[in-house]
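**Student:** So I've got this file, my_file37.txt, and it contains compact mmCIF, C-alpha atoms:
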# COMPACT_ATOMS: atom_id res chain seq x y z
CA MET B 1 0.00 0.00 0.00
CA LYS B 2 1.32 3.43 -0.93
CA ILE B 3 1.67 5.81 2.02
CA LYS B 4 0.31 9.21 1.08
CA PRO B 5 2.14 12.27 2.40
CA LYS B 6 0.45 14.40 5.00
CA VAL B 7 -0.61 17.72 3.53
CA GLY B 8 0.62 20.94 5.16
CA VAL B 9 -1.97 23.66 5.71
CA VAL B 10 -0.35 26.98 6.57
CA SER B 11 -2.48 29.96 7.53
CA CYS B 12 -1.31 33.56 7.69
CA SER B 13 -1.22 35.00 11.20
CA GLY B 14 -3.41 37.87 9.99
CA GLU B 15 -3.71 39.94 13.15
CA CYS B 16 -4.74 43.06 11.25
CA CYS B 17 -8.29 41.99 10.39
CA GLY B 18 -11.05 39.42 10.70
CA LEU B 19 -9.95 37.72 7.49
CA GLY B 20 -6.88 36.44 9.33
CA THR B 21 -9.08 34.99 12.05
CA LEU B 22 -11.29 33.35 9.41
CA SER B 23 -8.23 31.81 7.70
CA ARG B 24 -6.95 30.51 10.99
CA VAL B 25 -10.28 29.05 12.15
CA ALA B 26 -10.92 27.32 8.81
CA THR B 27 -7.41 25.86 8.94
CA ARG B 28 -8.03 24.56 12.46
CA PHE B 29 -11.32 22.95 11.36
CA VAL B 30 -9.39 20.97 8.75
CA LEU B 31 -6.60 20.03 11.17
CA GLU B 32 -8.83 19.13 14.10
CA ASP B 33 -11.98 17.72 12.57
CA LEU B 34 -12.15 17.21 8.83
CA ARG B 35 -8.75 15.70 7.98
CA SER B 36 -6.96 15.39 11.30
CA ASP B 37 -4.93 12.33 10.28
CA GLN B 38 -3.92 13.65 6.88
CA THR B 39 -2.83 17.21 7.66
CA VAL B 40 -0.17 19.08 9.61
CA THR B 41 0.61 22.75 10.15
CA ILE B 42 3.32 25.11 11.33
CA CYS B 43 3.01 28.63 12.83
CA LEU B 44 3.85 31.04 10.03
CA PRO B 45 6.04 33.33 12.20
CA LEU B 46 7.97 30.24 13.36
CA PHE B 47 8.36 29.05 9.78
CA LEU B 48 9.58 32.51 8.78
CA ALA B 49 12.04 32.84 11.63
CA GLY B 50 13.09 29.22 11.47
CA GLU B 51 16.05 27.49 9.97
CA THR B 52 16.61 24.33 7.92
CA GLU B 53 14.14 22.21 9.87
CA GLU B 54 11.26 24.68 9.61
CA HIS B 55 12.08 25.63 6.03
CA GLY B 56 11.97 21.99 5.04
CA PHE B 57 8.24 21.92 5.83
CA ALA B 58 6.85 22.35 2.30
CA LYS B 59 9.55 20.08 0.90
CA GLU B 60 8.32 17.30 3.19
CA HIS B 61 4.63 18.09 2.86
CA PRO B 62 2.77 19.31 -0.22
CA THR B 63 1.39 22.54 1.21
CA ILE B 64 -1.78 24.61 0.94
CA THR B 65 -1.38 28.24 1.97
CA VAL B 66 -4.35 30.12 3.40
CA ASP B 67 -4.01 33.89 3.18
CA GLY B 68 -6.47 36.36 4.65
CA CYS B 69 -5.63 39.24 2.34
CA GLU B 70 -4.03 40.07 -0.97
CA LYS B 71 -0.63 40.53 0.66
CA LEU B 72 -0.36 36.72 0.55
CA CYS B 73 2.23 36.46 3.33
CA ALA B 74 1.84 32.70 3.73
CA ARG B 75 2.14 31.95 0.01
CA LYS B 76 5.14 34.24 -0.46
CA ALA B 77 6.87 32.89 2.65
CA VAL B 78 6.46 29.22 1.72
CA THR B 79 7.59 29.92 -1.87
CA LYS B 80 10.59 31.94 -0.75
CA TYR B 81 11.92 29.67 1.97
CA SER B 82 10.71 26.20 1.11
CA LYS B 83 8.93 25.25 -2.10
CA GLU B 84 6.09 26.48 -4.31
CA PRO B 85 2.85 25.59 -2.47
CA ALA B 86 0.74 22.86 -4.05
CA GLU B 87 -2.31 25.11 -3.63
CA GLY B 88 -3.12 28.54 -2.25
CA VAL B 89 -6.27 30.32 -1.17
CA ASN B 90 -6.74 34.09 -1.04
CA VAL B 91 -9.64 34.36 1.42
CA GLU B 92 -10.37 38.02 0.66
CA ALA B 93 -10.78 37.28 -3.06
CA LEU B 94 -12.76 34.13 -2.35
CA LEU B 95 -15.25 35.93 -0.11
CA SER B 96 -15.72 38.56 -2.78
CA GLU B 97 -16.40 35.77 -5.31
CA TRP B 98 -18.90 34.18 -2.91
CA GLY B 99 -20.52 37.55 -2.15
CA VAL B 100 -19.88 37.07 1.55
CA GLU B 101 -18.99 39.88 3.98
CA PRO B 102 -15.70 39.55 5.89
CA PRO B 103 -15.95 39.21 9.69
CA LYS B 104 -16.47 42.50 11.50
CA ASN B 105 -14.88 41.32 14.73
CA ARG B 106 -11.41 39.81 14.64
CA ARG B 107 -11.60 38.24 18.12
CA VAL B 108 -15.03 36.61 18.10
CA LEU B 109 -16.60 35.22 14.94
CA ASP B 110 -20.40 35.41 14.79
CA THR B 111 -22.64 32.56 13.56
CA GLU B 112 -22.44 33.65 9.91
CA ASP B 113 -18.66 33.95 10.10
CA VAL B 114 -18.39 30.44 11.54
CA GLU B 115 -20.52 29.15 8.64
CA THR B 116 -18.15 30.90 6.23
CA ALA B 117 -15.18 29.31 8.03
CA LYS B 118 -16.84 25.89 7.63
CA ARG B 119 -17.40 26.53 3.92
CA LEU B 120 -13.78 27.56 3.56
CA ALA B 121 -12.68 24.47 5.49
CA GLU B 122 -14.68 22.24 3.11
CA LEU B 123 -12.91 23.83 0.16
CA LEU B 124 -9.54 23.25 1.84
CA THR B 125 -10.54 19.64 2.53
CA ASP B 126 -11.30 19.11 -1.17
CA LYS B 127 -7.85 20.44 -1.98
CA VAL B 128 -6.25 18.12 0.61
CA ASP B 129 -8.02 15.14 -0.98
CA GLU B 130 -7.03 16.18 -4.50
CA ILE B 131 -3.38 16.53 -3.48
CA GLN B 132 -3.38 13.15 -1.78
CA GLU B 133 -5.07 11.47 -4.72
CA ALA B 134 -2.50 12.88 -7.10
CA ALA B 135 0.41 11.83 -4.88
CA MET X 1 -3.94 61.50 21.39
CA GLY X 2 -0.39 60.08 21.33
CA LYS X 3 0.86 57.23 19.26
CA PRO X 4 -0.83 53.92 20.13
CA ILE X 5 1.20 51.27 21.94
CA LEU X 6 1.79 48.28 19.66
CA VAL X 7 0.83 44.91 21.12
CA ILE X 8 2.13 42.07 18.95
CA PRO X 9 1.09 38.47 19.66
CA CYS X 10 2.74 35.35 18.26
CA SER X 11 -0.66 33.96 17.18
CA GLY X 12 0.72 30.42 17.35
CA ILE X 13 -1.67 28.01 15.67
CA GLY X 14 -0.62 24.65 17.08
CA LYS X 15 -1.46 25.03 20.78
CA PRO X 16 -3.94 26.97 22.93
CA PHE X 17 -1.23 29.33 24.19
CA GLY X 18 -0.88 31.10 20.84
CA SER X 19 -4.65 31.51 20.69
CA ILE X 20 -4.57 33.06 24.16
CA SER X 21 -1.87 35.54 23.11
CA ARG X 22 -3.98 36.55 20.11
CA ASP X 23 -7.29 36.73 21.98
CA ALA X 24 -5.85 38.85 24.80
CA THR X 25 -4.27 41.23 22.29
CA PHE X 26 -7.60 41.78 20.53
CA ARG X 27 -9.34 42.34 23.85
CA VAL X 28 -6.89 45.16 24.54
CA CYS X 29 -6.77 46.72 21.06
CA ASP X 30 -10.45 46.41 20.16
CA GLU X 31 -12.21 46.65 23.50
CA LEU X 32 -10.26 47.71 26.58
CA ARG X 33 -7.92 50.33 25.08
CA LEU X 34 -9.41 51.03 21.68
CA GLY X 35 -7.39 53.73 19.91
CA LYS X 36 -4.66 53.61 22.56
CA ALA X 37 -3.30 50.21 21.62
CA ASP X 38 -2.90 48.70 18.18
CA THR X 39 -1.44 45.56 16.63
CA LEU X 40 -0.01 44.44 13.30
CA CYS X 41 0.47 41.22 11.37
CA LEU X 42 3.61 39.55 12.67
CA SER X 43 4.07 37.60 9.44
CA LEU X 44 3.89 40.77 7.37
CA LEU X 45 6.65 42.27 9.52
CA VAL X 46 8.81 39.16 9.22
CA MET X 47 8.30 39.18 5.45
CA GLY X 48 10.10 42.54 5.50
CA ASP X 49 7.20 44.93 4.88
CA GLU X 50 8.72 48.41 5.10
CA GLU X 51 5.62 50.05 6.58
CA ALA X 52 5.48 47.41 9.33
CA LYS X 53 9.19 47.87 10.06
CA VAL X 54 8.80 51.63 10.42
CA LYS X 55 5.80 51.09 12.68
CA VAL X 56 7.64 48.79 15.12
CA SER X 57 10.77 50.94 15.17
CA THR X 58 8.91 54.16 15.91
CA SER X 59 6.35 52.80 18.40
CA LYS X 60 6.60 51.31 21.85
CA CYS X 61 6.07 47.58 21.34
CA ILE X 62 4.81 44.95 23.73
CA THR X 63 5.38 41.41 22.48
CA VAL X 64 3.17 38.54 23.61
CA ASP X 65 4.40 34.98 23.24
CA GLY X 66 2.55 31.72 23.65
CA CYS X 67 5.46 29.28 23.76
CA PRO X 68 9.16 29.29 24.73
CA LEU X 69 10.22 29.80 21.09
CA GLU X 70 9.19 33.46 21.55
CA CYS X 71 8.48 34.10 17.88
CA SER X 72 6.95 37.49 18.54
CA HIS X 73 9.79 38.80 20.72
CA ASN X 74 12.52 37.43 18.47
CA ASN X 75 10.97 38.54 15.21
CA VAL X 76 10.12 42.05 16.40
CA ARG X 77 13.65 42.44 17.80
CA ARG X 78 15.26 41.21 14.57
CA ASN X 79 13.21 43.71 12.61
CA GLY X 80 14.30 46.71 14.63
CA GLY X 81 11.32 46.91 16.96
CA ASN X 82 11.38 49.15 20.01
CA ILE X 83 10.38 46.45 22.53
CA VAL X 84 9.52 47.82 25.94
CA ALA X 85 7.87 44.74 27.44
CA ASN X 86 7.42 41.04 26.75
CA PHE X 87 4.61 38.92 28.16
CA LYS X 88 4.63 35.13 28.13
CA VAL X 89 1.51 33.01 28.37
CA MET X 90 3.67 30.30 29.99
CA ASP X 91 4.45 32.60 32.95
CA LEU X 92 0.75 33.17 33.47
CA LEU X 93 0.11 29.45 33.26
CA ARG X 94 2.73 28.77 35.96
CA GLU X 95 1.01 31.27 38.23
CA ASN X 96 -2.40 29.69 37.57
CA ARG X 97 -1.69 25.97 37.66
CA GLY X 98 -5.34 25.13 38.12
CA LEU X 99 -6.15 26.47 34.65
CA LYS X 100 -5.66 23.98 31.84
CA PRO X 101 -6.61 25.38 28.43
CA ARG X 102 -7.06 22.69 25.79
CA GLU X 103 -8.90 24.18 22.85
CA VAL X 104 -7.07 26.02 20.07
CA THR X 105 -9.75 27.06 17.58
CA PHE X 106 -12.19 28.59 20.08
CA LEU X 107 -10.89 29.07 23.60
CA ASP X 108 -12.49 26.95 26.31
CA GLU X 109 -13.38 28.33 29.77
CA ASP X 110 -9.83 28.10 31.13
CA GLY X 111 -8.43 29.64 27.95
CA GLU X 112 -10.89 32.54 28.27
CA LYS X 113 -9.87 33.06 31.90
CA LEU X 114 -6.19 33.19 30.96
CA SER X 115 -6.92 35.55 28.07
CA LYS X 116 -8.75 37.94 30.42
CA LEU X 117 -5.93 37.77 32.99
CA LEU X 118 -3.37 38.47 30.29
CA ALA X 119 -5.44 41.31 28.83
CA ASP X 120 -5.69 42.92 32.28
CA ARG X 121 -1.91 42.84 32.62
CA LEU X 122 -1.44 44.22 29.15
CA VAL X 123 -3.80 47.07 29.94
CA ILE X 124 -1.80 47.99 33.04
CA LYS X 125 1.37 48.08 30.94
CA VAL X 126 -0.26 50.06 28.13
CA ASP X 127 -1.51 52.64 30.64
CA GLU X 128 1.94 52.92 32.24
CA LEU X 129 3.57 53.47 28.86
CA LEU X 130 0.99 56.03 27.80
CA GLU X 131 1.49 57.91 31.06
CA GLU X 132 5.27 57.92 30.51
CA SER X 133 4.72 59.36 27.04
CA GLY X 134 2.60 62.10 28.57
Can you turn what I pasted into structure tokens?
**Tutor:**
Amino acid sequence: MKIKPKVGVVSCSGECCGLGTLSRVATRFVLEDLRSDQTVTICLPLFLAGETEEHGFAKEHPTITVDGCEKLCARKAVTKYSKEPAEGVNVEALLSEWGVEPPKNRRVLDTEDVETAKRLAELLTDKVDEIQEAA
Amino acid sequence: MGKPILVIPCSGIGKPFGSISRDATFRVCDELRLGKADTLCLSLLVMGDEEAKVKVSTSKCITVDGCPLECSHNNVRRNGGNIVANFKVMDLLRENRGLKPREVTFLDEDGEKLSKLLADRLVIKVDELLEESG
């Protein structure tokens, strides 16, 4: 039986707005509930400040980056220090495409925001499955 | 009003302690000291964003770290930040051994308690710094 690699899901830290919180919560849904055995993560600031071990992350794991805004810190960081991500999501652009309002509160997500996070997590899960199938 | 004090959490995503650092920071910046305290994206700073670098070098910065790797403190320092205080969730945990936060995505009761305790300490520091600045 072929062992499929665990997929890395790396969220931006996104402290400046609710989009960062949404990215983070959706990422946690995937890691904790939806694909807990097939995914791993790393704190983006640790990855950025890290050395060989941390920078090897995307080389060991095909990685999906989850960025809250168009600055795409996670995608740029993984590309620069490790390897081109297998997939990337720009949450701000995605919400605009879905016609969904970004969270107003960056500490506490309301019911609608949590639903959006779940929808985002489902999309990430599809990408995890696609990556694993292709591996 | 003077320049806001910058509170910069590590926002660690793997354990509850990073979530506590982030939650407490938002309590301070968005609720308890709105307009007097502010934050910025740590990753944006570490990626070398010039605006973020200027902000940390010209403001009084409080770093807030969830784990002993101290990503916030180390990264802000490396990027020329004017760090005037560093808070560690681990210190708070040692002082409150009965509290055992477990949830990362949404803080559980003990995580909320620690976040409030940390936010109260941050507020005291922010007020001190603002008073010093006149």
**Student:** Can you pull out every residue within 10 Å of Asp113 (chain B), counting only C-alpha atoms, but drop anything in the same chain fewer than 2 positions away, and send it as a list in words?
**Tutor:** Gly18, Leu19, Thr21, Leu22, Val25, Val100, Glu101, Pro102, Pro103, Lys104, Asn105, Val108, Leu109, Asp110, Thr111, Glu115, Thr116, Ala117, Lys118 and Arg119 of chain B
**Student:** Would you list which chain X residues are within 8 Å of chain B using all atoms listed in the file, as a PyMOL selection string?
**Tutor:** chain X and resi 10-14+22-23+26-27+39-44+46-47+71-72+75+104-105
**Student:** Could you check which of X:Val84, X:Cys61, X:Ala24, X:Ile124 is closest to Pro4 (chain X), using all atoms listed in the file?
**Tutor:**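 Counting all atoms listed in the file, the residue closest to Pro4 (chain X) is X:Cys61.
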**Student:** Got a sec: who's within 9 Å of Glu84 (chain B), counting only C-alpha atoms, leaving out chain neighbours fewer than 5 positions off, as a PyMOL selection string?
**Tutor:** chain B and resi 58-59+62-63+75-76+78-79
**Student:** Got a sec: who's within 6 Å of Asp110 (chain X), counting all atoms listed in the file, leaving out chain neighbours fewer than 6 positions off, as a list in words?
**Tutor:**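 Residues meeting the cut-off are Leu99, Lys100 and Pro101 of chain X.
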**Student:** Quote the spacing between CA of Glu60 (chain B) and CA of Glu130 (chain B) in Å to one decimal place.
**Tutor:**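 CA of Glu130 (chain B) lies 17.2 Å from CA of Glu60 (chain B).
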**Student:** May I ask for the distance between CA of Val9 (chain B) and CA of Asp129 (chain B), given in Å to one decimal place?
**Tutor:**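 That distance, rounded to one decimal, is 12.4 Å.
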**Student:** Counting only C-alpha atoms, which of X:Leu122, X:Leu93, X:Ile5, X:Val76 gets nearest to Ala52 (chain X)?
**Tutor:**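 The answer is X:Val76, which sits nearest to Ala52 (chain X).
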**Student:** Give me, as a ChimeraX atom specification, all polymer residues having an atom no more than 10 Å from Val126 (chain X), counting all atoms listed in the file and skipping those fewer than 5 positions away in the same chain.
**Tutor:** /X:4-7,28,33,36-37,60-62,85,120-121,131-132
**Student:** Suppose you want the space between CA of Ala134 (chain B) and CA of Ala93 (chain B); what is it in Å?
**Tutor:**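 Calculated distance between CA of Ala134 (chain B) and CA of Ala93 (chain B) is 26.1 Å.
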**Student:** Identify which of the residues X:Leu32, X:Leu45, X:Leu107, X:Ile20 lies closest to Cys67 (chain X), counting all atoms listed in the file when measuring atom-to-atom distances.
**Tutor:**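 Among the listed residues, X:Ile20 lies closest to Cys67 (chain X).
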**Student:** Can you save region 112-124 of chain B of the given block to a file, including all heavy atoms and formatted as a PDB file, in the first residue's frame?
**Tutor:**
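part-v4.pdb, written as the output of this step:
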ATOM      1  N   GLU B 112     -22.641  33.618  11.375  1.00  0.00           N
ATOM      2  CA  GLU B 112     -22.437  33.645   9.906  1.00  0.00           C
ATOM      3  C   GLU B 112     -20.963  33.464   9.559  1.00  0.00           C
ATOM      4  O   GLU B 112     -20.626  32.770   8.593  1.00  0.00           O
ATOM      5  CB  GLU B 112     -22.941  34.966   9.335  1.00  0.00           C
ATOM      6  CG  GLU B 112     -24.455  35.025   9.218  1.00  0.00           C
ATOM      7  CD  GLU B 112     -24.934  36.373   8.709  1.00  0.00           C
ATOM      8  OE1 GLU B 112     -24.151  37.097   8.066  1.00  0.00           O
ATOM      9  OE2 GLU B 112     -26.104  36.692   8.974  1.00  0.00           O
ATOM     10  N   ASP B 113     -20.104  34.090  10.350  1.00  0.00           N
ATOM     11  CA  ASP B 113     -18.658  33.949  10.098  1.00  0.00           C
ATOM     12  C   ASP B 113     -18.209  32.496  10.274  1.00  0.00           C
ATOM     13  O   ASP B 113     -17.382  31.993   9.510  1.00  0.00           O
ATOM     14  CB  ASP B 113     -17.839  34.818  11.064  1.00  0.00           C
ATOM     15  CG  ASP B 113     -18.138  36.298  10.932  1.00  0.00           C
ATOM     16  OD1 ASP B 113     -18.512  36.725   9.820  1.00  0.00           O
ATOM     17  OD2 ASP B 113     -18.009  37.020  11.944  1.00  0.00           O
ATOM     18  N   VAL B 114     -18.760  31.847  11.289  1.00  0.00           N
ATOM     19  CA  VAL B 114     -18.389  30.439  11.542  1.00  0.00           C
ATOM     20  C   VAL B 114     -18.856  29.575  10.360  1.00  0.00           C
ATOM     21  O   VAL B 114     -18.140  28.666   9.923  1.00  0.00           O
ATOM     22  CB  VAL B 114     -18.955  29.935  12.888  1.00  0.00           C
ATOM     23  CG1 VAL B 114     -18.727  28.437  13.057  1.00  0.00           C
ATOM     24  CG2 VAL B 114     -18.325  30.693  14.052  1.00  0.00           C
ATOM     25  N   GLU B 115     -20.042  29.894   9.820  1.00  0.00           N
ATOM     26  CA  GLU B 115     -20.522  29.154   8.644  1.00  0.00           C
ATOM     27  C   GLU B 115     -19.569  29.365   7.466  1.00  0.00           C
ATOM     28  O   GLU B 115     -19.277  28.439   6.706  1.00  0.00           O
ATOM     29  CB  GLU B 115     -21.949  29.601   8.272  1.00  0.00           C
ATOM     30  CG  GLU B 115     -23.020  29.064   9.212  1.00  0.00           C
ATOM     31  CD  GLU B 115     -22.960  27.551   9.404  1.00  0.00           C
ATOM     32  OE1 GLU B 115     -22.853  26.824   8.401  1.00  0.00           O
ATOM     33  OE2 GLU B 115     -22.986  27.099  10.573  1.00  0.00           O
ATOM     34  N   THR B 116     -19.113  30.601   7.304  1.00  0.00           N
ATOM     35  CA  THR B 116     -18.149  30.895   6.233  1.00  0.00           C
ATOM     36  C   THR B 116     -16.851  30.114   6.453  1.00  0.00           C
ATOM     37  O   THR B 116     -16.274  29.571   5.507  1.00  0.00           O
ATOM     38  CB  THR B 116     -17.838  32.414   6.173  1.00  0.00           C
ATOM     39  OG1 THR B 116     -19.064  33.123   6.070  1.00  0.00           O
ATOM     40  CG2 THR B 116     -16.945  32.770   5.003  1.00  0.00           C
ATOM     41  N   ALA B 117     -16.415  30.064   7.717  1.00  0.00           N
ATOM     42  CA  ALA B 117     -15.184  29.311   8.034  1.00  0.00           C
ATOM     43  C   ALA B 117     -15.369  27.831   7.688  1.00  0.00           C
ATOM     44  O   ALA B 117     -14.454  27.193   7.162  1.00  0.00           O
ATOM     45  CB  ALA B 117     -14.828  29.478   9.509  1.00  0.00           C
ATOM     46  N   LYS B 118     -16.571  27.304   7.945  1.00  0.00           N
ATOM     47  CA  LYS B 118     -16.836  25.888   7.627  1.00  0.00           C
ATOM     48  C   LYS B 118     -16.809  25.669   6.117  1.00  0.00           C
ATOM     49  O   LYS B 118     -16.270  24.673   5.631  1.00  0.00           O
ATOM     50  CB  LYS B 118     -18.196  25.467   8.196  1.00  0.00           C
ATOM     51  CG  LYS B 118     -18.180  25.273   9.700  1.00  0.00           C
ATOM     52  CD  LYS B 118     -19.549  24.854  10.197  1.00  0.00           C
ATOM     53  CE  LYS B 118     -19.547  24.704  11.713  1.00  0.00           C
ATOM     54  NZ  LYS B 118     -20.900  24.580  12.265  1.00  0.00           N
ATOM     55  N   ARG B 119     -17.390  26.635   5.389  1.00  0.00           N
ATOM     56  CA  ARG B 119     -17.401  26.530   3.920  1.00  0.00           C
ATOM     57  C   ARG B 119     -15.970  26.570   3.383  1.00  0.00           C
ATOM     58  O   ARG B 119     -15.602  25.797   2.490  1.00  0.00           O
ATOM     59  CB  ARG B 119     -18.238  27.698   3.352  1.00  0.00           C
ATOM     60  CG  ARG B 119     -18.510  27.597   1.888  1.00  0.00           C
ATOM     61  CD  ARG B 119     -19.457  28.708   1.456  1.00  0.00           C
ATOM     62  NE  ARG B 119     -19.536  28.762   0.004  1.00  0.00           N
ATOM     63  CZ  ARG B 119     -20.124  29.737  -0.674  1.00  0.00           C
ATOM     64  NH1 ARG B 119     -20.693  30.739  -0.036  1.00  0.00           N
ATOM     65  NH2 ARG B 119     -20.143  29.727  -1.994  1.00  0.00           N
ATOM     66  N   LEU B 120     -15.183  27.455   3.949  1.00  0.00           N
ATOM     67  CA  LEU B 120     -13.776  27.563   3.556  1.00  0.00           C
ATOM     68  C   LEU B 120     -13.024  26.268   3.902  1.00  0.00           C
ATOM     69  O   LEU B 120     -12.206  25.775   3.102  1.00  0.00           O
ATOM     70  CB  LEU B 120     -13.147  28.774   4.258  1.00  0.00           C
ATOM     71  CG  LEU B 120     -11.669  29.053   4.076  1.00  0.00           C
ATOM     72  CD1 LEU B 120     -11.288  29.182   2.610  1.00  0.00           C
ATOM     73  CD2 LEU B 120     -11.269  30.329   4.822  1.00  0.00           C
ATOM     74  N   ALA B 121     -13.331  25.720   5.069  1.00  0.00           N
ATOM     75  CA  ALA B 121     -12.677  24.475   5.495  1.00  0.00           C
ATOM     76  C   ALA B 121     -13.030  23.319   4.547  1.00  0.00           C
ATOM     77  O   ALA B 121     -12.174  22.482   4.244  1.00  0.00           O
ATOM     78  CB  ALA B 121     -13.078  24.134   6.930  1.00  0.00           C
ATOM     79  N   GLU B 122     -14.269  23.298   4.062  1.00  0.00           N
ATOM     80  CA  GLU B 122     -14.684  22.245   3.110  1.00  0.00           C
ATOM     81  C   GLU B 122     -13.875  22.366   1.817  1.00  0.00           C
ATOM     82  O   GLU B 122     -13.443  21.372   1.240  1.00  0.00           O
ATOM     83  CB  GLU B 122     -16.181  22.360   2.788  1.00  0.00           C
ATOM     84  CG  GLU B 122     -17.107  22.008   3.944  1.00  0.00           C
ATOM     85  CD  GLU B 122     -17.109  20.517   4.281  1.00  0.00           C
ATOM     86  OE1 GLU B 122     -16.620  19.715   3.477  1.00  0.00           O
ATOM     87  OE2 GLU B 122     -17.589  20.169   5.378  1.00  0.00           O
ATOM     88  N   LEU B 123     -13.697  23.599   1.380  1.00  0.00           N
ATOM     89  CA  LEU B 123     -12.909  23.832   0.162  1.00  0.00           C
ATOM     90  C   LEU B 123     -11.461  23.366   0.371  1.00  0.00           C
ATOM     91  O   LEU B 123     -10.860  22.727  -0.497  1.00  0.00           O
ATOM     92  CB  LEU B 123     -12.956  25.324  -0.184  1.00  0.00           C
ATOM     93  CG  LEU B 123     -12.253  25.771  -1.453  1.00  0.00           C
ATOM     94  CD1 LEU B 123     -13.100  26.806  -2.179  1.00  0.00           C
ATOM     95  CD2 LEU B 123     -10.892  26.374  -1.175  1.00  0.00           C
ATOM     96  N   LEU B 124     -10.919  23.675   1.543  1.00  0.00           N
ATOM     97  CA  LEU B 124      -9.544  23.247   1.844  1.00  0.00           C
ATOM     98  C   LEU B 124      -9.460  21.720   1.889  1.00  0.00           C
ATOM     99  O   LEU B 124      -8.489  21.125   1.412  1.00  0.00           O
ATOM    100  CB  LEU B 124      -9.077  23.846   3.183  1.00  0.00           C
ATOM    101  CG  LEU B 124      -8.916  25.368   3.231  1.00  0.00           C
ATOM    102  CD1 LEU B 124      -8.650  25.838   4.662  1.00  0.00           C
ATOM    103  CD2 LEU B 124      -7.780  25.822   2.320  1.00  0.00           C
TER     104      LEU B 124
END
